[in-house]
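One file, upload_11.cif, is given below (mmCIF, N, CA and C atoms).
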```cif
data_query
loop_
_atom_site.label_atom_id
_atom_site.label_comp_id
_atom_site.auth_asym_id
_atom_site.auth_seq_id
_atom_site.Cartn_x
_atom_site.Cartn_y
_atom_site.Cartn_z
N MET J 5 28.67 -1.09 -11.90
CA MET J 5 28.17 -1.79 -10.73
C MET J 5 27.15 -0.93 -10.00
N ILE J 6 26.08 -1.59 -9.56
CA ILE J 6 25.05 -0.92 -8.77
C ILE J 6 24.95 -1.67 -7.45
N LEU J 7 25.23 -0.96 -6.36
CA LEU J 7 25.22 -1.56 -5.03
C LEU J 7 26.12 -2.80 -4.95
N GLY J 8 27.21 -2.76 -5.67
CA GLY J 8 28.14 -3.87 -5.65
C GLY J 8 27.74 -5.05 -6.53
N ILE J 9 26.63 -4.92 -7.29
CA ILE J 9 26.15 -6.00 -8.16
C ILE J 9 26.46 -5.58 -9.61
N PRO J 10 27.04 -6.47 -10.39
CA PRO J 10 27.33 -6.12 -11.79
C PRO J 10 26.08 -5.68 -12.53
N LYS J 11 26.23 -4.69 -13.39
CA LYS J 11 25.11 -4.11 -14.14
C LYS J 11 24.34 -5.17 -14.94
N ARG J 12 25.04 -6.10 -15.51
CA ARG J 12 24.41 -7.15 -16.31
C ARG J 12 23.44 -7.99 -15.46
N ILE J 13 23.81 -8.33 -14.24
CA ILE J 13 22.95 -9.11 -13.34
C ILE J 13 21.71 -8.30 -12.95
N VAL J 14 21.88 -7.01 -12.69
CA VAL J 14 20.74 -6.15 -12.34
C VAL J 14 19.75 -6.10 -13.49
N ILE J 15 20.23 -5.99 -14.72
CA ILE J 15 19.34 -5.95 -15.89
C ILE J 15 18.60 -7.27 -16.04
N ILE J 16 19.27 -8.39 -15.87
CA ILE J 16 18.64 -9.71 -15.99
C ILE J 16 17.55 -9.86 -14.92
N ILE J 17 17.84 -9.46 -13.70
CA ILE J 17 16.85 -9.55 -12.62
C ILE J 17 15.64 -8.67 -12.94
N ALA J 18 15.88 -7.46 -13.44
CA ALA J 18 14.78 -6.54 -13.78
C ALA J 18 13.90 -7.12 -14.88
N VAL J 19 14.50 -7.73 -15.88
CA VAL J 19 13.73 -8.33 -16.97
C VAL J 19 12.89 -9.50 -16.45
N VAL J 20 13.47 -10.35 -15.64
CA VAL J 20 12.74 -11.49 -15.08
C VAL J 20 11.57 -11.00 -14.22
N VAL J 21 11.80 -10.02 -13.38
CA VAL J 21 10.73 -9.47 -12.53
C VAL J 21 9.63 -8.88 -13.41
N GLY J 22 10.01 -8.16 -14.47
CA GLY J 22 9.02 -7.59 -15.38
C GLY J 22 8.17 -8.66 -16.05
N ILE J 23 8.78 -9.73 -16.50
CA ILE J 23 8.05 -10.83 -17.14
C ILE J 23 7.09 -11.48 -16.15
N VAL J 24 7.54 -11.70 -14.94
CA VAL J 24 6.67 -12.29 -13.91
C VAL J 24 5.48 -11.39 -13.63
N LEU J 25 5.69 -10.09 -13.51
CA LEU J 25 4.59 -9.16 -13.25
C LEU J 25 3.59 -9.15 -14.39
N ILE J 26 4.07 -9.15 -15.62
CA ILE J 26 3.17 -9.18 -16.78
C ILE J 26 2.37 -10.47 -16.81
N TYR J 27 3.02 -11.58 -16.54
CA TYR J 27 2.33 -12.87 -16.54
C TYR J 27 1.25 -12.92 -15.47
N VAL J 28 1.58 -12.48 -14.26
CA VAL J 28 0.62 -12.52 -13.15
C VAL J 28 -0.56 -11.60 -13.42
N SER J 29 -0.33 -10.40 -13.90
CA SER J 29 -1.44 -9.48 -14.16
C SER J 29 -2.30 -9.96 -15.33
N GLY J 30 -1.70 -10.58 -16.33
CA GLY J 30 -2.46 -11.10 -17.47
C GLY J 30 -3.28 -12.32 -17.11
N SER J 31 -2.77 -13.20 -16.26
CA SER J 31 -3.51 -14.40 -15.90
C SER J 31 -4.72 -14.05 -15.03
N ASP J 32 -4.65 -12.99 -14.25
CA ASP J 32 -5.82 -12.56 -13.47
C ASP J 32 -6.95 -12.12 -14.38
N LYS J 33 -6.63 -11.39 -15.43
CA LYS J 33 -7.66 -10.91 -16.36
C LYS J 33 -8.28 -12.08 -17.11
N GLN J 34 -7.46 -13.03 -17.54
CA GLN J 34 -7.98 -14.17 -18.29
C GLN J 34 -8.89 -15.02 -17.44
N SER J 35 -8.50 -15.29 -16.21
CA SER J 35 -9.32 -16.16 -15.38
C SER J 35 -10.61 -15.47 -14.97
N ALA J 36 -10.57 -14.16 -14.74
CA ALA J 36 -11.79 -13.44 -14.38
C ALA J 36 -12.77 -13.45 -15.55
N GLY J 37 -12.28 -13.25 -16.75
CA GLY J 37 -13.16 -13.24 -17.91
C GLY J 37 -13.73 -14.61 -18.22
N ALA J 38 -13.01 -15.65 -17.92
CA ALA J 38 -13.45 -16.99 -18.26
C ALA J 38 -14.52 -17.49 -17.30
N THR J 39 -14.55 -16.96 -16.08
CA THR J 39 -15.47 -17.52 -15.11
C THR J 39 -16.65 -16.62 -14.79
N SER J 40 -16.62 -15.37 -15.20
CA SER J 40 -17.72 -14.49 -14.84
C SER J 40 -18.14 -13.62 -16.01
N SER J 41 -19.32 -13.07 -15.89
CA SER J 41 -19.88 -12.17 -16.87
C SER J 41 -20.45 -10.99 -16.11
N PRO J 42 -20.41 -9.79 -16.68
CA PRO J 42 -20.98 -8.63 -15.99
C PRO J 42 -22.46 -8.82 -15.64
N THR J 43 -23.20 -9.56 -16.47
CA THR J 43 -24.62 -9.77 -16.23
C THR J 43 -24.91 -11.11 -15.57
N GLY J 44 -23.91 -11.96 -15.46
CA GLY J 44 -24.11 -13.30 -14.92
C GLY J 44 -24.58 -14.30 -15.97
N CYS J 45 -24.75 -13.83 -17.20
CA CYS J 45 -25.22 -14.70 -18.29
C CYS J 45 -24.11 -14.84 -19.33
N LYS J 46 -23.73 -16.07 -19.60
CA LYS J 46 -22.73 -16.37 -20.63
C LYS J 46 -23.27 -17.52 -21.45
N VAL J 47 -23.18 -17.40 -22.77
CA VAL J 47 -23.69 -18.43 -23.67
C VAL J 47 -22.59 -18.94 -24.58
N ALA J 48 -22.76 -20.18 -25.06
CA ALA J 48 -21.85 -20.78 -26.02
C ALA J 48 -22.60 -20.94 -27.34
N VAL J 49 -21.93 -20.65 -28.43
CA VAL J 49 -22.52 -20.76 -29.76
C VAL J 49 -22.50 -22.22 -30.19
N VAL J 50 -23.66 -22.75 -30.63
CA VAL J 50 -23.75 -24.14 -31.08
C VAL J 50 -23.90 -24.26 -32.59
N ALA J 51 -24.14 -23.15 -33.28
CA ALA J 51 -24.20 -23.16 -34.76
C ALA J 51 -22.79 -23.02 -35.31
N ASP J 52 -22.58 -23.40 -36.57
CA ASP J 52 -21.27 -23.21 -37.20
C ASP J 52 -20.90 -21.73 -37.21
N VAL J 53 -21.85 -20.89 -37.61
CA VAL J 53 -21.68 -19.43 -37.58
C VAL J 53 -23.00 -18.83 -37.12
N LEU J 54 -22.94 -17.96 -36.14
CA LEU J 54 -24.14 -17.33 -35.59
C LEU J 54 -24.15 -15.86 -35.99
N ASN J 55 -25.19 -15.44 -36.71
CA ASN J 55 -25.34 -14.04 -37.09
C ASN J 55 -25.86 -13.24 -35.91
N VAL J 56 -25.28 -12.10 -35.68
CA VAL J 56 -25.74 -11.18 -34.65
C VAL J 56 -26.45 -10.04 -35.38
N ARG J 57 -27.68 -9.76 -34.97
CA ARG J 57 -28.51 -8.77 -35.67
C ARG J 57 -28.72 -7.52 -34.84
N SER J 58 -29.12 -6.45 -35.49
CA SER J 58 -29.30 -5.16 -34.83
C SER J 58 -30.58 -5.09 -34.01
N ALA J 59 -31.48 -6.02 -34.23
CA ALA J 59 -32.76 -6.05 -33.51
C ALA J 59 -33.24 -7.49 -33.43
N PRO J 60 -34.18 -7.77 -32.54
CA PRO J 60 -34.70 -9.15 -32.41
C PRO J 60 -35.68 -9.50 -33.54
N ASP J 61 -35.16 -9.51 -34.75
CA ASP J 61 -35.98 -9.73 -35.94
C ASP J 61 -35.10 -10.41 -36.98
N PRO J 62 -35.57 -11.52 -37.59
CA PRO J 62 -34.75 -12.20 -38.59
C PRO J 62 -34.42 -11.34 -39.81
N ALA J 63 -35.18 -10.27 -40.04
CA ALA J 63 -34.92 -9.39 -41.17
C ALA J 63 -34.00 -8.23 -40.81
N ALA J 64 -33.65 -8.09 -39.53
CA ALA J 64 -32.78 -6.99 -39.10
C ALA J 64 -31.37 -7.19 -39.66
N GLY J 65 -30.67 -6.11 -39.83
CA GLY J 65 -29.31 -6.16 -40.40
C GLY J 65 -28.33 -6.93 -39.52
N ILE J 66 -27.39 -7.59 -40.17
CA ILE J 66 -26.35 -8.34 -39.46
C ILE J 66 -25.26 -7.35 -39.04
N VAL J 67 -24.95 -7.35 -37.74
CA VAL J 67 -23.94 -6.43 -37.21
C VAL J 67 -22.69 -7.17 -36.72
N GLY J 68 -22.72 -8.50 -36.77
CA GLY J 68 -21.57 -9.28 -36.35
C GLY J 68 -21.83 -10.76 -36.50
N LYS J 69 -20.81 -11.56 -36.24
CA LYS J 69 -20.93 -13.02 -36.32
C LYS J 69 -20.06 -13.65 -35.25
N TYR J 70 -20.48 -14.82 -34.77
CA TYR J 70 -19.69 -15.61 -33.84
C TYR J 70 -19.52 -17.00 -34.42
N ASN J 71 -18.36 -17.59 -34.23
CA ASN J 71 -18.10 -18.95 -34.69
C ASN J 71 -18.51 -19.96 -33.62
N LYS J 72 -18.67 -21.20 -34.04
CA LYS J 72 -19.06 -22.29 -33.14
C LYS J 72 -18.12 -22.37 -31.94
N ASP J 73 -18.69 -22.66 -30.79
CA ASP J 73 -18.00 -22.82 -29.51
C ASP J 73 -17.52 -21.50 -28.89
N ALA J 74 -17.78 -20.37 -29.54
CA ALA J 74 -17.43 -19.08 -28.92
C ALA J 74 -18.28 -18.91 -27.67
N GLN J 75 -17.68 -18.39 -26.61
CA GLN J 75 -18.43 -18.09 -25.39
C GLN J 75 -18.58 -16.58 -25.30
N VAL J 76 -19.82 -16.14 -25.12
CA VAL J 76 -20.16 -14.73 -25.24
C VAL J 76 -20.92 -14.28 -24.00
N ASP J 77 -20.57 -13.10 -23.48
CA ASP J 77 -21.37 -12.49 -22.43
C ASP J 77 -22.68 -12.05 -23.07
N ALA J 78 -23.78 -12.27 -22.37
CA ALA J 78 -25.10 -11.94 -22.91
C ALA J 78 -25.96 -11.33 -21.82
N GLN J 79 -27.14 -10.93 -22.20
CA GLN J 79 -28.13 -10.39 -21.27
C GLN J 79 -29.16 -11.48 -20.99
N PRO J 80 -29.81 -11.44 -19.84
CA PRO J 80 -30.86 -12.43 -19.58
C PRO J 80 -32.20 -12.06 -20.24
N VAL J 81 -32.15 -11.25 -21.28
CA VAL J 81 -33.34 -10.77 -21.98
C VAL J 81 -33.54 -11.59 -23.25
N VAL J 82 -34.74 -12.18 -23.40
CA VAL J 82 -35.09 -12.91 -24.61
C VAL J 82 -36.38 -12.30 -25.16
N GLN J 83 -36.38 -12.02 -26.46
CA GLN J 83 -37.55 -11.41 -27.08
C GLN J 83 -37.73 -11.99 -28.48
N GLY J 84 -38.87 -12.59 -28.74
CA GLY J 84 -39.17 -13.14 -30.06
C GLY J 84 -38.18 -14.20 -30.52
N GLY J 85 -37.64 -14.98 -29.57
CA GLY J 85 -36.69 -16.04 -29.93
C GLY J 85 -35.26 -15.55 -30.09
N PHE J 86 -34.99 -14.30 -29.74
CA PHE J 86 -33.65 -13.73 -29.82
C PHE J 86 -33.18 -13.34 -28.42
N ARG J 87 -31.90 -13.60 -28.13
CA ARG J 87 -31.31 -13.18 -26.86
C ARG J 87 -30.51 -11.91 -27.11
N LYS J 88 -30.65 -10.98 -26.19
CA LYS J 88 -29.90 -9.73 -26.27
C LYS J 88 -28.47 -9.99 -25.82
N ILE J 89 -27.52 -9.67 -26.69
CA ILE J 89 -26.10 -9.83 -26.38
C ILE J 89 -25.59 -8.53 -25.76
N ALA J 90 -25.95 -7.42 -26.36
CA ALA J 90 -25.57 -6.09 -25.89
C ALA J 90 -26.52 -5.10 -26.57
N GLU J 91 -26.35 -3.83 -26.30
CA GLU J 91 -27.21 -2.83 -26.93
C GLU J 91 -27.05 -2.90 -28.44
N GLY J 92 -28.18 -3.13 -29.16
CA GLY J 92 -28.15 -3.23 -30.61
C GLY J 92 -27.56 -4.52 -31.16
N LYS J 93 -27.46 -5.56 -30.30
CA LYS J 93 -26.92 -6.86 -30.74
C LYS J 93 -27.80 -7.98 -30.20
N TRP J 94 -28.41 -8.72 -31.13
CA TRP J 94 -29.33 -9.82 -30.79
C TRP J 94 -28.95 -11.05 -31.60
N ALA J 95 -29.14 -12.23 -30.99
CA ALA J 95 -28.85 -13.49 -31.71
C ALA J 95 -29.92 -14.51 -31.39
N LYS J 96 -30.21 -15.38 -32.33
CA LYS J 96 -31.25 -16.39 -32.20
C LYS J 96 -30.90 -17.36 -31.06
N THR J 97 -31.82 -17.55 -30.13
CA THR J 97 -31.57 -18.38 -28.95
C THR J 97 -31.36 -19.85 -29.30
N GLU J 98 -31.96 -20.33 -30.38
CA GLU J 98 -31.84 -21.75 -30.71
C GLU J 98 -30.41 -22.14 -31.11
N PHE J 99 -29.57 -21.15 -31.39
CA PHE J 99 -28.19 -21.41 -31.77
C PHE J 99 -27.19 -21.09 -30.66
N MET J 100 -27.72 -20.87 -29.44
CA MET J 100 -26.87 -20.59 -28.29
C MET J 100 -27.32 -21.45 -27.12
N GLN J 101 -26.40 -21.77 -26.25
CA GLN J 101 -26.71 -22.56 -25.06
C GLN J 101 -26.03 -21.90 -23.87
N PRO J 102 -26.78 -21.66 -22.77
CA PRO J 102 -26.15 -21.05 -21.59
C PRO J 102 -25.01 -21.93 -21.09
N VAL J 103 -23.90 -21.30 -20.71
CA VAL J 103 -22.75 -22.00 -20.15
C VAL J 103 -23.13 -22.45 -18.75
N ALA J 104 -22.68 -23.64 -18.36
CA ALA J 104 -23.00 -24.19 -17.03
C ALA J 104 -22.66 -23.17 -15.94
N GLY J 105 -23.60 -22.96 -15.04
CA GLY J 105 -23.40 -22.05 -13.92
C GLY J 105 -23.77 -20.61 -14.21
N SER J 106 -24.10 -20.27 -15.46
CA SER J 106 -24.47 -18.89 -15.73
C SER J 106 -25.95 -18.67 -15.45
N LYS J 107 -26.31 -17.43 -15.23
CA LYS J 107 -27.68 -17.07 -14.85
C LYS J 107 -28.34 -16.31 -16.00
N CYS J 108 -28.81 -17.07 -16.98
CA CYS J 108 -29.40 -16.45 -18.17
C CYS J 108 -30.92 -16.36 -18.09
N GLY J 109 -31.50 -16.84 -17.03
CA GLY J 109 -32.95 -16.73 -16.84
C GLY J 109 -33.80 -17.63 -17.66
#
```

Will you turn the file into structure tokens for me?
Amino acid sequence: MILGIPKRIVIIIAVVVGIVLIYVSGSDKQSAGATSSPTGCKVAVVADVLNVRSAPDPAAGIVGKYNKDAQVDAQPVVQGGFRKIAEGKWAKTEFMQPVAGSKCG
């Protein structure tokens, strides 16, 4: 017994409180990521598969891929028909569409 409460009840309460804390902290991260981007620009992939290249050039090496409907943080930089996703990551703009409310320029 702890403070007059059976040990089993204390353990159950601790587990429930732990689950609630994990749920609350995880839902904050998910909602923040879904509604904002560090640059203010978020795009959705409209191609079945979108190749991400190392430079804004169709001949540049493929460094990654995104599937259709993926939402990706991006930069408001467009060069030669490619949008900068991150340093060393570019994707063709015709296969991406800015998400409503984002500031992609």

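Taken over the whole file, the PyMOL selection byres ((chain J and resi 83-86) around 7) covers exactly Pro60, Asp61, Val81, Val82, Arg87, Lys88, Ile89, Trp94, Ala95, Lys96, Thr97 and Glu98 of chain J.
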
Helix (DSSP H, G or I) residues, from DSSP on the backbone, in range 13-98 of chain J, as a PDB file with N, CA and C atoms, in the coordinates of the input:
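Done, and the output landed in selection30.pdb:
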```pdb
ATOM      1  N   ILE J  13      23.810  -8.330 -14.240  1.00  0.00           N
ATOM      2  CA  ILE J  13      22.950  -9.110 -13.340  1.00  0.00           C
ATOM      3  C   ILE J  13      21.710  -8.300 -12.950  1.00  0.00           C
ATOM      4  N   VAL J  14      21.880  -7.010 -12.690  1.00  0.00           N
ATOM      5  CA  VAL J  14      20.740  -6.150 -12.340  1.00  0.00           C
ATOM      6  C   VAL J  14      19.750  -6.100 -13.490  1.00  0.00           C
ATOM      7  N   ILE J  15      20.230  -5.990 -14.720  1.00  0.00           N
ATOM      8  CA  ILE J  15      19.340  -5.950 -15.890  1.00  0.00           C
ATOM      9  C   ILE J  15      18.600  -7.270 -16.040  1.00  0.00           C
ATOM     10  N   ILE J  16      19.270  -8.390 -15.870  1.00  0.00           N
ATOM     11  CA  ILE J  16      18.640  -9.710 -15.990  1.00  0.00           C
ATOM     12  C   ILE J  16      17.550  -9.860 -14.920  1.00  0.00           C
ATOM     13  N   ILE J  17      17.840  -9.460 -13.700  1.00  0.00           N
ATOM     14  CA  ILE J  17      16.850  -9.550 -12.620  1.00  0.00           C
ATOM     15  C   ILE J  17      15.640  -8.670 -12.940  1.00  0.00           C
ATOM     16  N   ALA J  18      15.880  -7.460 -13.440  1.00  0.00           N
ATOM     17  CA  ALA J  18      14.780  -6.540 -13.780  1.00  0.00           C
ATOM     18  C   ALA J  18      13.900  -7.120 -14.880  1.00  0.00           C
ATOM     19  N   VAL J  19      14.500  -7.730 -15.880  1.00  0.00           N
ATOM     20  CA  VAL J  19      13.730  -8.330 -16.970  1.00  0.00           C
ATOM     21  C   VAL J  19      12.890  -9.500 -16.450  1.00  0.00           C
ATOM     22  N   VAL J  20      13.470 -10.350 -15.640  1.00  0.00           N
ATOM     23  CA  VAL J  20      12.740 -11.490 -15.080  1.00  0.00           C
ATOM     24  C   VAL J  20      11.570 -11.000 -14.220  1.00  0.00           C
ATOM     25  N   VAL J  21      11.800 -10.020 -13.380  1.00  0.00           N
ATOM     26  CA  VAL J  21      10.730  -9.470 -12.530  1.00  0.00           C
ATOM     27  C   VAL J  21       9.630  -8.880 -13.410  1.00  0.00           C
ATOM     28  N   GLY J  22      10.010  -8.160 -14.470  1.00  0.00           N
ATOM     29  CA  GLY J  22       9.020  -7.590 -15.380  1.00  0.00           C
ATOM     30  C   GLY J  22       8.170  -8.660 -16.050  1.00  0.00           C
ATOM     31  N   ILE J  23       8.780  -9.730 -16.500  1.00  0.00           N
ATOM     32  CA  ILE J  23       8.050 -10.830 -17.140  1.00  0.00           C
ATOM     33  C   ILE J  23       7.090 -11.480 -16.150  1.00  0.00           C
ATOM     34  N   VAL J  24       7.540 -11.700 -14.940  1.00  0.00           N
ATOM     35  CA  VAL J  24       6.670 -12.290 -13.910  1.00  0.00           C
ATOM     36  C   VAL J  24       5.480 -11.390 -13.630  1.00  0.00           C
ATOM     37  N   LEU J  25       5.690 -10.090 -13.510  1.00  0.00           N
ATOM     38  CA  LEU J  25       4.590  -9.160 -13.250  1.00  0.00           C
ATOM     39  C   LEU J  25       3.590  -9.150 -14.390  1.00  0.00           C
ATOM     40  N   ILE J  26       4.070  -9.150 -15.620  1.00  0.00           N
ATOM     41  CA  ILE J  26       3.170  -9.180 -16.780  1.00  0.00           C
ATOM     42  C   ILE J  26       2.370 -10.470 -16.810  1.00  0.00           C
ATOM     43  N   TYR J  27       3.020 -11.580 -16.540  1.00  0.00           N
ATOM     44  CA  TYR J  27       2.330 -12.870 -16.540  1.00  0.00           C
ATOM     45  C   TYR J  27       1.250 -12.920 -15.470  1.00  0.00           C
ATOM     46  N   VAL J  28       1.580 -12.480 -14.260  1.00  0.00           N
ATOM     47  CA  VAL J  28       0.620 -12.520 -13.150  1.00  0.00           C
ATOM     48  C   VAL J  28      -0.560 -11.600 -13.420  1.00  0.00           C
ATOM     49  N   SER J  29      -0.330 -10.400 -13.900  1.00  0.00           N
ATOM     50  CA  SER J  29      -1.440  -9.480 -14.160  1.00  0.00           C
ATOM     51  C   SER J  29      -2.300  -9.960 -15.330  1.00  0.00           C
ATOM     52  N   GLY J  30      -1.700 -10.580 -16.330  1.00  0.00           N
ATOM     53  CA  GLY J  30      -2.460 -11.100 -17.470  1.00  0.00           C
ATOM     54  C   GLY J  30      -3.280 -12.320 -17.110  1.00  0.00           C
ATOM     55  N   SER J  31      -2.770 -13.200 -16.260  1.00  0.00           N
ATOM     56  CA  SER J  31      -3.510 -14.400 -15.900  1.00  0.00           C
ATOM     57  C   SER J  31      -4.720 -14.050 -15.030  1.00  0.00           C
ATOM     58  N   ASP J  32      -4.650 -12.990 -14.250  1.00  0.00           N
ATOM     59  CA  ASP J  32      -5.820 -12.560 -13.470  1.00  0.00           C
ATOM     60  C   ASP J  32      -6.950 -12.120 -14.380  1.00  0.00           C
ATOM     61  N   LYS J  33      -6.630 -11.390 -15.430  1.00  0.00           N
ATOM     62  CA  LYS J  33      -7.660 -10.910 -16.360  1.00  0.00           C
ATOM     63  C   LYS J  33      -8.280 -12.080 -17.110  1.00  0.00           C
ATOM     64  N   GLN J  34      -7.460 -13.030 -17.540  1.00  0.00           N
ATOM     65  CA  GLN J  34      -7.980 -14.170 -18.290  1.00  0.00           C
ATOM     66  C   GLN J  34      -8.890 -15.020 -17.440  1.00  0.00           C
ATOM     67  N   SER J  35      -8.500 -15.290 -16.210  1.00  0.00           N
ATOM     68  CA  SER J  35      -9.320 -16.160 -15.380  1.00  0.00           C
ATOM     69  C   SER J  35     -10.610 -15.470 -14.970  1.00  0.00           C
ATOM     70  N   ALA J  36     -10.570 -14.160 -14.740  1.00  0.00           N
ATOM     71  CA  ALA J  36     -11.790 -13.440 -14.380  1.00  0.00           C
ATOM     72  C   ALA J  36     -12.770 -13.450 -15.550  1.00  0.00           C
ATOM     73  N   GLY J  37     -12.280 -13.250 -16.750  1.00  0.00           N
ATOM     74  CA  GLY J  37     -13.160 -13.240 -17.910  1.00  0.00           C
ATOM     75  C   GLY J  37     -13.730 -14.610 -18.220  1.00  0.00           C
ATOM     76  N   ALA J  38     -13.010 -15.650 -17.920  1.00  0.00           N
ATOM     77  CA  ALA J  38     -13.450 -16.990 -18.260  1.00  0.00           C
ATOM     78  C   ALA J  38     -14.520 -17.490 -17.300  1.00  0.00           C
ATOM     79  N   THR J  39     -14.550 -16.960 -16.080  1.00  0.00           N
ATOM     80  CA  THR J  39     -15.470 -17.520 -15.110  1.00  0.00           C
ATOM     81  C   THR J  39     -16.650 -16.620 -14.790  1.00  0.00           C
ATOM     82  N   THR J  97     -31.820 -17.550 -30.130  1.00  0.00           N
ATOM     83  CA  THR J  97     -31.570 -18.380 -28.950  1.00  0.00           C
ATOM     84  C   THR J  97     -31.360 -19.850 -29.300  1.00  0.00           C
ATOM     85  N   GLU J  98     -31.960 -20.330 -30.380  1.00  0.00           N
ATOM     86  CA  GLU J  98     -31.840 -21.750 -30.710  1.00  0.00           C
ATOM     87  C   GLU J  98     -30.410 -22.140 -31.110  1.00  0.00           C
TER      88      GLU J  98
END
```

Handout entry: Shell around Ile66 in chain J at 12 Å using only C-alpha atoms, local window under 2 positions removed, as a list in words
Key =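 Result of the neighbour search: Leu54, Asn55, Val56, Arg57, Ser58, Ala59, Pro60, Asp61, Pro62, Ala63, Ala64, Gly68, Lys69, Tyr70, Gly92, Lys93, Trp94, Ala95 and Lys96 of chain J.
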
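Note that the spacing between CA of Ile13 in chain J and CA of Leu25 in chain J amounts to 18.4 Å.
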
Practice task
Between atom C of Ala104 in chain J and CA of Asp77 in chain J, measure the distance and give it in Å to one decimal.
Solution key: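 These two atoms are separated by 12.6 Å.
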
Problem - J:Ile26, J:Leu7, J:Val47, J:Val21 ranked by distance to Cys108 in chain J, top pick (using all atoms listed in the file) - result: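 Among the listed residues, the smallest separation from Cys108 in chain J belongs to J:Val47.
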
Handout entry: Residues of range 47-109 of chain J in strand (DSSP E), written as a ChimeraX atom specification
Key = /J:47-49,53-57,66-71,75-78,82-83,86-90,93-96,100-102

Practice task
Return the single residue from J:Val49, J:Gly8, J:Gly44, J:Val20 that is closest to Gln75 in chain J, with distances computed using all atoms listed in the file.
Solution key: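 When distances to Gln75 in chain J are compared using all atoms listed in the file, the smallest one comes from J:Val49.
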
Exercise for the section: Between CA of Ile23 in chain J and atom C of Pro10 in chain J, measure the distance and give it in Å to one decimal. Expected result: 19.3 Å

To box range 93-96 of chain J, take all atoms listed in the file, fit an axis-aligned box, add 3 Å on each side, and give centre and edge lengths in Å to one decimal, as AutoDock Vina command-line options.
```
--center_x -29.1 --center_y -11.5 --center_z -31.3 --size_x 10.3 --size_y 17.8 --size_z 8.1
```

Practice task
Using all atoms listed in the file, pick whichever of J:Asn71, J:Glu91, J:Ser106, J:Val76 has the shortest atom-to-atom distance to Val53 in chain J.
Solution key: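 Going through J:Asn71, J:Glu91, J:Ser106, J:Val76 one by one, the smallest distance to Val53 in chain J is for J:Asn71.
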
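Closest to Asp73 in chain J among J:Val19, J:Cys45, J:Val28, J:Val50 is J:Val50, based on only C-alpha atoms.
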